[in-house]
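Trainee: Got a structure for you, coords35.pdb, holding PDB, C-alpha atoms, pLDDT in the B column.
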ATOM      1  CA  MET G   1     138.291 -25.790  -6.385  1.00 78.00           C
ATOM      2  CA  VAL G   2     136.174 -28.727  -7.551  1.00 77.00           C
ATOM      3  CA  GLU G   3     134.272 -30.114  -4.558  1.00 77.00           C
ATOM      4  CA  ILE G   4     134.538 -33.780  -3.637  1.00 71.00           C
ATOM      5  CA  PRO G   5     130.867 -34.912  -3.504  1.00 67.00           C
ATOM      6  CA  GLY G   6     129.622 -35.590  -0.003  1.00 69.00           C
ATOM      7  CA  THR G   7     132.375 -33.612   1.732  1.00 73.00           C
ATOM      8  CA  GLY G   8     131.480 -29.981   1.072  1.00 78.00           C
ATOM      9  CA  VAL G   9     135.214 -29.363   0.630  1.00 82.00           C
ATOM     10  CA  PRO G  10     137.111 -28.690  -2.608  1.00 87.00           C
ATOM     11  CA  ILE G  11     140.202 -30.662  -3.586  1.00 87.00           C
ATOM     12  CA  ILE G  12     142.539 -27.981  -2.253  1.00 90.00           C
ATOM     13  CA  GLY G  13     140.928 -28.234   1.184  1.00 91.00           C
ATOM     14  CA  HIS G  14     141.715 -31.945   1.323  1.00 88.00           C
ATOM     15  CA  GLN G  15     145.261 -31.258   0.137  1.00 91.00           C
ATOM     16  CA  LEU G  16     145.891 -28.607   2.796  1.00 94.00           C
ATOM     17  CA  ALA G  17     144.507 -30.883   5.516  1.00 93.00           C
ATOM     18  CA  TRP G  18     146.882 -33.642   4.416  1.00 93.00           C
ATOM     19  CA  LEU G  19     149.880 -31.287   4.306  1.00 95.00           C
ATOM     20  CA  ALA G  20     149.104 -30.000   7.795  1.00 96.00           C
ATOM     21  CA  ALA G  21     148.750 -33.564   9.115  1.00 95.00           C
ATOM     22  CA  GLU G  22     152.223 -34.261   7.717  1.00 94.00           C
ATOM     23  CA  GLY G  23     153.753 -31.379   9.654  1.00 94.00           C
ATOM     24  CA  VAL G  24     153.633 -28.629   7.013  1.00 96.00           C
ATOM     25  CA  THR G  25     153.051 -25.214   8.609  1.00 96.00           C
ATOM     26  CA  ASP G  26     153.057 -22.873   5.580  1.00 96.00           C
ATOM     27  CA  ALA G  27     151.773 -23.226   2.025  1.00 96.00           C
ATOM     28  CA  VAL G  28     152.066 -21.009  -1.046  1.00 96.00           C
ATOM     29  CA  VAL G  29     149.262 -21.504  -3.572  1.00 94.00           C
ATOM     30  CA  SER G  30     150.022 -20.556  -7.174  1.00 92.00           C
ATOM     31  CA  CYS G  31     146.972 -19.088  -8.920  1.00 89.00           C
ATOM     32  CA  GLY G  32     146.131 -18.141 -12.470  1.00 84.00           C
ATOM     33  CA  HIS G  33     142.775 -17.816 -14.198  1.00 82.00           C
ATOM     34  CA  LEU G  34     139.918 -17.044 -11.753  1.00 84.00           C
ATOM     35  CA  ALA G  35     142.403 -16.622  -8.906  1.00 87.00           C
ATOM     36  CA  GLU G  36     139.858 -14.557  -6.998  1.00 92.00           C
ATOM     37  CA  VAL G  37     137.569 -17.589  -6.598  1.00 90.00           C
ATOM     38  CA  LEU G  38     140.339 -19.549  -4.916  1.00 90.00           C
ATOM     39  CA  GLN G  39     141.465 -16.595  -2.816  1.00 92.00           C
ATOM     40  CA  GLU G  40     137.919 -15.975  -1.604  1.00 93.00           C
ATOM     41  CA  TRP G  41     137.519 -19.591  -0.494  1.00 92.00           C
ATOM     42  CA  LEU G  42     140.892 -19.586   1.277  1.00 93.00           C
ATOM     43  CA  ALA G  43     140.037 -16.333   3.064  1.00 92.00           C
ATOM     44  CA  GLY G  44     136.809 -17.801   4.451  1.00 93.00           C
ATOM     45  CA  ALA G  45     138.000 -21.313   5.271  1.00 92.00           C
ATOM     46  CA  ASP G  46     139.179 -22.529   8.672  1.00 92.00           C
ATOM     47  CA  LEU G  47     142.613 -23.710   7.542  1.00 93.00           C
ATOM     48  CA  PRO G  48     145.004 -25.893   9.566  1.00 93.00           C
ATOM     49  CA  LEU G  49     148.123 -24.024   8.351  1.00 95.00           C
ATOM     50  CA  ARG G  50     149.229 -20.608   7.097  1.00 95.00           C
ATOM     51  CA  VAL G  51     148.425 -20.051   3.420  1.00 95.00           C
ATOM     52  CA  SER G  52     149.451 -17.286   1.033  1.00 94.00           C
ATOM     53  CA  THR G  53     148.690 -16.966  -2.670  1.00 94.00           C
ATOM     54  CA  VAL G  54     150.666 -15.726  -5.668  1.00 94.00           C
ATOM     55  CA  VAL G  55     149.002 -14.846  -8.962  1.00 93.00           C
ATOM     56  CA  GLU G  56     150.630 -15.138 -12.373  1.00 90.00           C
ATOM     57  CA  GLU G  57     149.890 -11.978 -14.328  1.00 87.00           C
ATOM     58  CA  GLU G  58     150.570 -13.890 -17.539  1.00 89.00           C
ATOM     59  CA  PRO G  59     150.873 -17.653 -18.138  1.00 89.00           C
ATOM     60  CA  LEU G  60     154.377 -18.829 -17.237  1.00 93.00           C
ATOM     61  CA  GLY G  61     153.971 -22.551 -17.876  1.00 93.00           C
ATOM     62  CA  ARG G  62     154.299 -25.205 -15.211  1.00 92.00           C
ATOM     63  CA  GLY G  63     158.013 -24.666 -14.625  1.00 95.00           C
ATOM     64  CA  GLY G  64     157.846 -20.889 -14.751  1.00 95.00           C
ATOM     65  CA  GLY G  65     154.841 -20.841 -12.442  1.00 94.00           C
ATOM     66  CA  LEU G  66     156.626 -23.080  -9.955  1.00 95.00           C
ATOM     67  CA  LYS G  67     159.693 -20.822 -10.035  1.00 95.00           C
ATOM     68  CA  TYR G  68     157.555 -17.736  -9.511  1.00 94.00           C
ATOM     69  CA  ALA G  69     155.765 -19.331  -6.543  1.00 95.00           C
ATOM     70  CA  ALA G  70     159.087 -20.477  -5.054  1.00 95.00           C
ATOM     71  CA  ARG G  71     160.202 -16.845  -4.756  1.00 94.00           C
ATOM     72  CA  HIS G  72     157.465 -16.420  -2.148  1.00 94.00           C
ATOM     73  CA  LEU G  73     158.386 -19.378   0.060  1.00 94.00           C
ATOM     74  CA  PRO G  74     158.528 -18.293   3.721  1.00 92.00           C
ATOM     75  CA  TYR G  75     161.842 -20.063   4.448  1.00 90.00           C
ATOM     76  CA  PRO G  76     164.321 -19.410   1.594  1.00 84.00           C
ATOM     77  CA  GLY G  77     167.309 -21.722   1.534  1.00 88.00           C
ATOM     78  CA  ARG G  78     165.422 -24.781   2.802  1.00 94.00           C
ATOM     79  CA  TRP G  79     164.089 -27.803   0.942  1.00 95.00           C
ATOM     80  CA  TRP G  80     160.344 -27.749   0.211  1.00 97.00           C
ATOM     81  CA  TYR G  81     157.370 -29.809  -0.940  1.00 97.00           C
ATOM     82  CA  ALA G  82     155.187 -29.177  -3.980  1.00 96.00           C
ATOM     83  CA  THR G  83     152.019 -30.830  -5.253  1.00 95.00           C
ATOM     84  CA  ASN G  84     149.834 -30.555  -8.323  1.00 92.00           C
ATOM     85  CA  GLY G  85     146.429 -28.998  -7.762  1.00 88.00           C
ATOM     86  CA  ASP G  86     144.420 -31.933  -9.127  1.00 87.00           C
ATOM     87  CA  VAL G  87     145.919 -34.705  -6.984  1.00 88.00           C
ATOM     88  CA  TRP G  88     144.252 -36.243  -3.945  1.00 86.00           C
ATOM     89  CA  THR G  89     146.549 -38.531  -2.013  1.00 89.00           C
ATOM     90  CA  ARG G  90     147.539 -39.788   1.419  1.00 90.00           C
ATOM     91  CA  PHE G  91     151.008 -41.120   2.282  1.00 95.00           C
ATOM     92  CA  SER G  92     153.909 -40.180   4.560  1.00 95.00           C
ATOM     93  CA  LEU G  93     155.631 -37.027   3.328  1.00 96.00           C
ATOM     94  CA  ARG G  94     158.139 -37.464   6.119  1.00 95.00           C
ATOM     95  CA  GLU G  95     159.235 -40.799   4.648  1.00 96.00           C
ATOM     96  CA  MET G  96     159.528 -39.203   1.220  1.00 97.00           C
ATOM     97  CA  ALA G  97     161.655 -36.375   2.645  1.00 97.00           C
ATOM     98  CA  ALA G  98     163.958 -38.901   4.317  1.00 97.00           C
ATOM     99  CA  PHE G  99     164.250 -40.806   1.011  1.00 97.00           C
ATOM    100  CA  HIS G 100     165.145 -37.530  -0.729  1.00 97.00           C
ATOM    101  CA  ALA G 101     167.801 -36.649   1.840  1.00 96.00           C
ATOM    102  CA  GLU G 102     169.396 -40.115   1.782  1.00 97.00           C
ATOM    103  CA  ARG G 103     169.951 -39.854  -1.970  1.00 95.00           C
ATOM    104  CA  GLY G 104     171.237 -36.295  -1.956  1.00 95.00           C
ATOM    105  CA  ALA G 105     168.882 -35.469  -4.826  1.00 97.00           C
ATOM    106  CA  ALA G 106     168.061 -32.015  -6.152  1.00 97.00           C
ATOM    107  CA  ALA G 107     164.469 -33.184  -6.645  1.00 97.00           C
ATOM    108  CA  THR G 108     162.419 -36.262  -5.784  1.00 98.00           C
ATOM    109  CA  LEU G 109     159.188 -37.312  -7.482  1.00 97.00           C
ATOM    110  CA  ALA G 110     156.520 -39.459  -5.864  1.00 97.00           C
ATOM    111  CA  LEU G 111     155.746 -42.371  -8.204  1.00 97.00           C
ATOM    112  CA  ALA G 112     152.342 -44.030  -8.444  1.00 94.00           C
ATOM    113  CA  ARG G 113     151.108 -47.145 -10.194  1.00 90.00           C
ATOM    114  CA  PRO G 114     147.532 -46.198 -11.155  1.00 85.00           C
ATOM    115  CA  ARG G 115     144.900 -48.691 -12.146  1.00 81.00           C
ATOM    116  CA  ILE G 116     144.218 -49.054 -15.855  1.00 84.00           C
ATOM    117  CA  PRO G 117     140.649 -47.868 -16.518  1.00 80.00           C
ATOM    118  CA  TRP G 118     139.877 -50.882 -18.740  1.00 85.00           C
ATOM    119  CA  GLY G 119     139.662 -54.567 -18.040  1.00 89.00           C
ATOM    120  CA  ALA G 120     142.734 -56.598 -19.012  1.00 92.00           C
ATOM    121  CA  VAL G 121     142.712 -59.955 -20.755  1.00 95.00           C
ATOM    122  CA  GLU G 122     145.188 -62.661 -19.751  1.00 94.00           C
ATOM    123  CA  THR G 123     146.159 -65.196 -22.426  1.00 96.00           C
ATOM    124  CA  ASN G 124     148.575 -68.114 -22.715  1.00 94.00           C
ATOM    125  CA  GLU G 125     151.235 -68.754 -25.360  1.00 94.00           C
ATOM    126  CA  PHE G 126     148.615 -70.308 -27.661  1.00 95.00           C
ATOM    127  CA  GLY G 127     146.384 -67.235 -27.605  1.00 93.00           C
ATOM    128  CA  GLN G 128     143.754 -68.848 -25.428  1.00 93.00           C
ATOM    129  CA  VAL G 129     142.008 -66.474 -23.031  1.00 95.00           C
ATOM    130  CA  LEU G 130     142.636 -67.511 -19.444  1.00 95.00           C
ATOM    131  CA  ASP G 131     141.068 -64.751 -17.396  1.00 95.00           C
ATOM    132  CA  PHE G 132     139.649 -61.223 -17.288  1.00 94.00           C
ATOM    133  CA  ILE G 133     141.127 -58.759 -14.795  1.00 93.00           C
ATOM    134  CA  GLU G 134     139.096 -55.664 -13.994  1.00 89.00           C
ATOM    135  CA  SER G 135     141.135 -52.433 -13.800  1.00 83.00           C
ATOM    136  CA  PRO G 136     144.535 -53.978 -12.991  1.00 86.00           C
ATOM    137  CA  PRO G 137     147.458 -51.857 -11.743  1.00 84.00           C
ATOM    138  CA  SER G 138     149.540 -50.356 -14.525  1.00 85.00           C
ATOM    139  CA  PRO G 139     152.874 -52.110 -15.162  1.00 86.00           C
ATOM    140  CA  PHE G 140     154.475 -48.657 -15.339  1.00 91.00           C
ATOM    141  CA  LEU G 141     155.176 -46.103 -12.626  1.00 93.00           C
ATOM    142  CA  ILE G 142     154.027 -42.531 -13.318  1.00 93.00           C
ATOM    143  CA  ASN G 143     154.824 -39.122 -11.879  1.00 95.00           C
ATOM    144  CA  ALA G 144     152.299 -38.775  -9.038  1.00 95.00           C
ATOM    145  CA  GLY G 145     152.489 -34.971  -8.917  1.00 95.00           C
ATOM    146  CA  VAL G 146     153.999 -34.697  -5.420  1.00 97.00           C
ATOM    147  CA  TYR G 147     157.590 -33.550  -4.983  1.00 97.00           C
ATOM    148  CA  VAL G 148     160.419 -32.800  -2.576  1.00 97.00           C
ATOM    149  CA  PHE G 149     162.749 -30.104  -3.891  1.00 97.00           C
ATOM    150  CA  GLY G 150     166.167 -29.129  -2.593  1.00 96.00           C
ATOM    151  CA  ALA G 151     166.947 -25.492  -1.858  1.00 94.00           C
ATOM    152  CA  GLU G 152     168.904 -25.249  -5.138  1.00 95.00           C
ATOM    153  CA  PHE G 153     166.048 -26.524  -7.292  1.00 96.00           C
ATOM    154  CA  ALA G 154     164.206 -23.234  -7.901  1.00 95.00           C
ATOM    155  CA  ALA G 155     167.263 -21.740  -9.620  1.00 95.00           C
ATOM    156  CA  LEU G 156     167.226 -24.641 -12.117  1.00 96.00           C
ATOM    157  CA  LEU G 157     163.646 -23.950 -13.257  1.00 96.00           C
ATOM    158  CA  PRO G 158     162.879 -22.060 -16.485  1.00 96.00           C
ATOM    159  CA  ASP G 159     161.443 -18.554 -16.194  1.00 95.00           C
ATOM    160  CA  VAL G 160     158.785 -19.594 -18.703  1.00 95.00           C
ATOM    161  CA  GLY G 161     158.019 -23.123 -19.848  1.00 94.00           C
ATOM    162  CA  ASP G 162     157.665 -26.694 -18.640  1.00 94.00           C
ATOM    163  CA  HIS G 163     160.192 -28.089 -16.154  1.00 94.00           C
ATOM    164  CA  GLU G 164     159.226 -31.653 -17.069  1.00 93.00           C
ATOM    165  CA  ARG G 165     160.736 -31.069 -20.516  1.00 93.00           C
ATOM    166  CA  THR G 166     163.770 -29.121 -19.336  1.00 94.00           C
ATOM    167  CA  THR G 167     164.800 -29.294 -15.675  1.00 97.00           C
ATOM    168  CA  PHE G 168     163.742 -32.869 -14.923  1.00 96.00           C
ATOM    169  CA  PRO G 169     165.478 -34.449 -17.970  1.00 96.00           C
ATOM    170  CA  ARG G 170     168.653 -32.512 -17.149  1.00 96.00           C
ATOM    171  CA  LEU G 171     168.635 -33.676 -13.529  1.00 97.00           C
ATOM    172  CA  ALA G 172     167.943 -37.243 -14.672  1.00 97.00           C
ATOM    173  CA  ARG G 173     171.008 -37.185 -16.930  1.00 97.00           C
ATOM    174  CA  GLU G 174     173.052 -35.875 -13.998  1.00 96.00           C
ATOM    175  CA  ARG G 175     171.604 -38.568 -11.668  1.00 97.00           C
ATOM    176  CA  ARG G 176     170.235 -35.852  -9.376  1.00 97.00           C
ATOM    177  CA  LEU G 177     166.572 -36.797  -9.775  1.00 98.00           C
ATOM    178  CA  ALA G 178     165.093 -39.461  -7.471  1.00 98.00           C
ATOM    179  CA  GLY G 179     161.826 -41.386  -7.630  1.00 97.00           C
ATOM    180  CA  PHE G 180     159.953 -42.382  -4.467  1.00 98.00           C
ATOM    181  CA  PRO G 181     157.452 -45.220  -5.104  1.00 96.00           C
ATOM    182  CA  LEU G 182     154.310 -44.714  -3.070  1.00 95.00           C
ATOM    183  CA  PRO G 183     154.093 -47.318  -0.289  1.00 92.00           C
ATOM    184  CA  GLN G 184     151.734 -50.244  -0.778  1.00 86.00           C
ATOM    185  CA  GLY G 185     148.256 -49.271   0.331  1.00 84.00           C
ATOM    186  CA  ALA G 186     148.843 -45.520  -0.098  1.00 88.00           C
ATOM    187  CA  TYR G 187     145.860 -43.680  -1.539  1.00 86.00           C
ATOM    188  CA  TRP G 188     146.405 -41.701  -4.756  1.00 88.00           C
ATOM    189  CA  ARG G 189     144.068 -40.366  -7.401  1.00 83.00           C
ATOM    190  CA  ALA G 190     144.337 -37.644 -10.027  1.00 79.00           C
ATOM    191  CA  ILE G 191     141.028 -35.778 -10.416  1.00 78.00           C
ATOM    192  CA  ASP G 192     140.884 -35.129 -14.158  1.00 72.00           C
ATOM    193  CA  THR G 193     137.310 -36.019 -15.073  1.00 70.00           C
ATOM    194  CA  ALA G 194     133.815 -36.221 -13.566  1.00 67.00           C
ATOM    195  CA  LYS G 195     134.323 -39.991 -13.414  1.00 72.00           C
ATOM    196  CA  ASP G 196     137.452 -39.488 -11.260  1.00 69.00           C
ATOM    197  CA  LEU G 197     135.489 -37.196  -8.971  1.00 69.00           C
ATOM    198  CA  ALA G 198     132.714 -39.749  -8.493  1.00 71.00           C
ATOM    199  CA  ALA G 199     135.253 -42.506  -7.864  1.00 70.00           C
ATOM    200  CA  ALA G 200     137.035 -40.363  -5.262  1.00 68.00           C
ATOM    201  CA  ALA G 201     133.739 -39.763  -3.447  1.00 68.00           C
ATOM    202  CA  ARG G 202     133.009 -43.515  -3.388  1.00 74.00           C
ATOM    203  CA  GLU G 203     136.483 -44.308  -2.095  1.00 69.00           C
ATOM    204  CA  LEU G 204     136.209 -41.678   0.621  1.00 68.00           C
ATOM    205  CA  ALA G 205     132.840 -43.092   1.703  1.00 64.00           C
ATOM    206  CA  ALA G 206     134.312 -46.595   1.823  1.00 68.00           C
ATOM    207  CA  GLN G 207     137.275 -45.406   3.920  1.00 66.00           C
ATOM    208  CA  SER G 208     134.985 -43.658   6.402  1.00 59.00           C
ATOM    209  CA  GLY G 209     132.623 -46.627   6.583  1.00 54.00           C
ATOM    210  CA  ALA G 210     129.731 -44.598   5.203  1.00 47.00           C
TER     211      ALA G 210
END
Could you spell out this file's structure in structure tokens?

Mentor:
Amino acid sequence: MVEIPGTGVPIIGHQLAWLAAEGVTDAVVSCGHLAEVLQEWLAGADLPLRVSTVVEEEPLGRGGGLKYAARHLPYPGRWWYATNGDVWTRFSLREMAAFHAERGAAATLALARPRIPWGAVETNEFGQVLDFIESPPSPFLINAGVYVFGAEFAALLPDVGDHERTTFPRLARERRLAGFPLPQGAYWRAIDTAKDLAAAARELAAQSGA
């Protein structure tokens, strides 16, 4: 519910707009603490798709919460998308879904290569400094918090607990977990701090030519 400065719209509003633009018609929002704040905003917003909410009566963990929300999906037996609530991104979900289908995976993770928040120092074999690189891309791919799940995936989730410590490692061992690298030029940012929020606002202004 944190508002992106200059837009008057919270993160979830941007997420729902992106999902609708990618052809999504229905969304289930999993709520916990202060669920009524989110529900009130959703009830008063002009949304581009149908949205329902589910509220955890007690904390179920990320995996348990996802399983609980999946029970309320409007089209049981079909594959589905999921996204973390603190991610703001833009890329083709249709391409990710095709990637998922081609690999016959139970689950597919979007993978991002975020920029390191510090400047990097380039040296040669003698330890001489050659250059300074401001906020270079990370050499490692990370879980971008956007997913495609097969119809069978919900049954593999724990009732309580974290799927990233249980379900995902199991699927990886079974070679049923795929990773979709975000295309070059795709926008992705996790909004974890006030600094991230300010950076997102600047990037949005730059994209709109403001």

Trainee: To verify the selection step, state as number ranges by chain which residues the PyMOL selection byres ((chain G and resi 54-68) around 6) yields on this input.

Mentor: G: 30-32, 53, 69-71, 154, 157-163

Trainee: Kindly resolve the PyMOL selection byres ((chain G and resi 17-23) around 12) on the present coordinates and return the residues as a PDB file with C-alpha atoms, in the coordinates of the input.

Mentor:
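part.pdb written:
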ATOM      1  CA  VAL G   9     135.214 -29.363   0.630  1.00 82.00           C
ATOM      2  CA  PRO G  10     137.111 -28.690  -2.608  1.00 87.00           C
ATOM      3  CA  ILE G  11     140.202 -30.662  -3.586  1.00 87.00           C
ATOM      4  CA  ILE G  12     142.539 -27.981  -2.253  1.00 90.00           C
ATOM      5  CA  GLY G  13     140.928 -28.234   1.184  1.00 91.00           C
ATOM      6  CA  HIS G  14     141.715 -31.945   1.323  1.00 88.00           C
ATOM      7  CA  GLN G  15     145.261 -31.258   0.137  1.00 91.00           C
ATOM      8  CA  LEU G  16     145.891 -28.607   2.796  1.00 94.00           C
ATOM      9  CA  VAL G  24     153.633 -28.629   7.013  1.00 96.00           C
ATOM     10  CA  THR G  25     153.051 -25.214   8.609  1.00 96.00           C
ATOM     11  CA  ASP G  26     153.057 -22.873   5.580  1.00 96.00           C
ATOM     12  CA  ALA G  27     151.773 -23.226   2.025  1.00 96.00           C
ATOM     13  CA  VAL G  28     152.066 -21.009  -1.046  1.00 96.00           C
ATOM     14  CA  ALA G  45     138.000 -21.313   5.271  1.00 92.00           C
ATOM     15  CA  ASP G  46     139.179 -22.529   8.672  1.00 92.00           C
ATOM     16  CA  LEU G  47     142.613 -23.710   7.542  1.00 93.00           C
ATOM     17  CA  PRO G  48     145.004 -25.893   9.566  1.00 93.00           C
ATOM     18  CA  LEU G  49     148.123 -24.024   8.351  1.00 95.00           C
ATOM     19  CA  ARG G  50     149.229 -20.608   7.097  1.00 95.00           C
ATOM     20  CA  VAL G  51     148.425 -20.051   3.420  1.00 95.00           C
ATOM     21  CA  TRP G  80     160.344 -27.749   0.211  1.00 97.00           C
ATOM     22  CA  TYR G  81     157.370 -29.809  -0.940  1.00 97.00           C
ATOM     23  CA  ALA G  82     155.187 -29.177  -3.980  1.00 96.00           C
ATOM     24  CA  THR G  83     152.019 -30.830  -5.253  1.00 95.00           C
ATOM     25  CA  VAL G  87     145.919 -34.705  -6.984  1.00 88.00           C
ATOM     26  CA  TRP G  88     144.252 -36.243  -3.945  1.00 86.00           C
ATOM     27  CA  THR G  89     146.549 -38.531  -2.013  1.00 89.00           C
ATOM     28  CA  ARG G  90     147.539 -39.788   1.419  1.00 90.00           C
ATOM     29  CA  PHE G  91     151.008 -41.120   2.282  1.00 95.00           C
ATOM     30  CA  SER G  92     153.909 -40.180   4.560  1.00 95.00           C
ATOM     31  CA  LEU G  93     155.631 -37.027   3.328  1.00 96.00           C
ATOM     32  CA  ARG G  94     158.139 -37.464   6.119  1.00 95.00           C
ATOM     33  CA  GLU G  95     159.235 -40.799   4.648  1.00 96.00           C
ATOM     34  CA  MET G  96     159.528 -39.203   1.220  1.00 97.00           C
ATOM     35  CA  ALA G  97     161.655 -36.375   2.645  1.00 97.00           C
ATOM     36  CA  VAL G 146     153.999 -34.697  -5.420  1.00 97.00           C
ATOM     37  CA  TYR G 187     145.860 -43.680  -1.539  1.00 86.00           C
TER      38      TYR G 187
END

Trainee: Using Å and a single decimal, report how far CA of Ala151 in chain G sits from CA of Pro76 in chain G.

Mentor: 7.5 Å

Trainee: Applying 7 Å and only C-alpha atoms, which residues near Ser138 in chain G remain after dropping the ones on its own chain fewer than 3 positions away? List them as a VMD selection string.

Mentor: chain G and resid 113 to 116

Trainee: Between G:Ala144, G:Leu130, G:Ala186, G:Val2, which residue has the minimum interatomic distance to Trp41 in chain G, considering all atoms listed in the file?

Mentor: G:Val2

Trainee: Taking into account all atoms listed in the file, which residue in the set G:Glu164, G:Gly8, G:Gly179, G:Met1 is nearest to Leu34 in chain G?

Mentor: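 Among G:Glu164, G:Gly8, G:Gly179, G:Met1, it is G:Met1 that comes nearest to Leu34 in chain G.
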
Trainee: Could you state the separation of CA of Ala112 in chain G and CA of Trp188 in chain G in Å, given to one decimal place?

Mentor: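 So the two atoms, CA of Ala112 in chain G and CA of Trp188 in chain G, lie 7.4 Å apart.
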
Trainee: So, with all atoms listed in the file as the atoms that count, which of G:Ser135, G:Asn143, G:Gln39, G:Thr108 lies closest to Val121 in chain G?

Mentor: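 Looking only at the distances to Val121 in chain G, the closest residue turns out to be G:Ser135.
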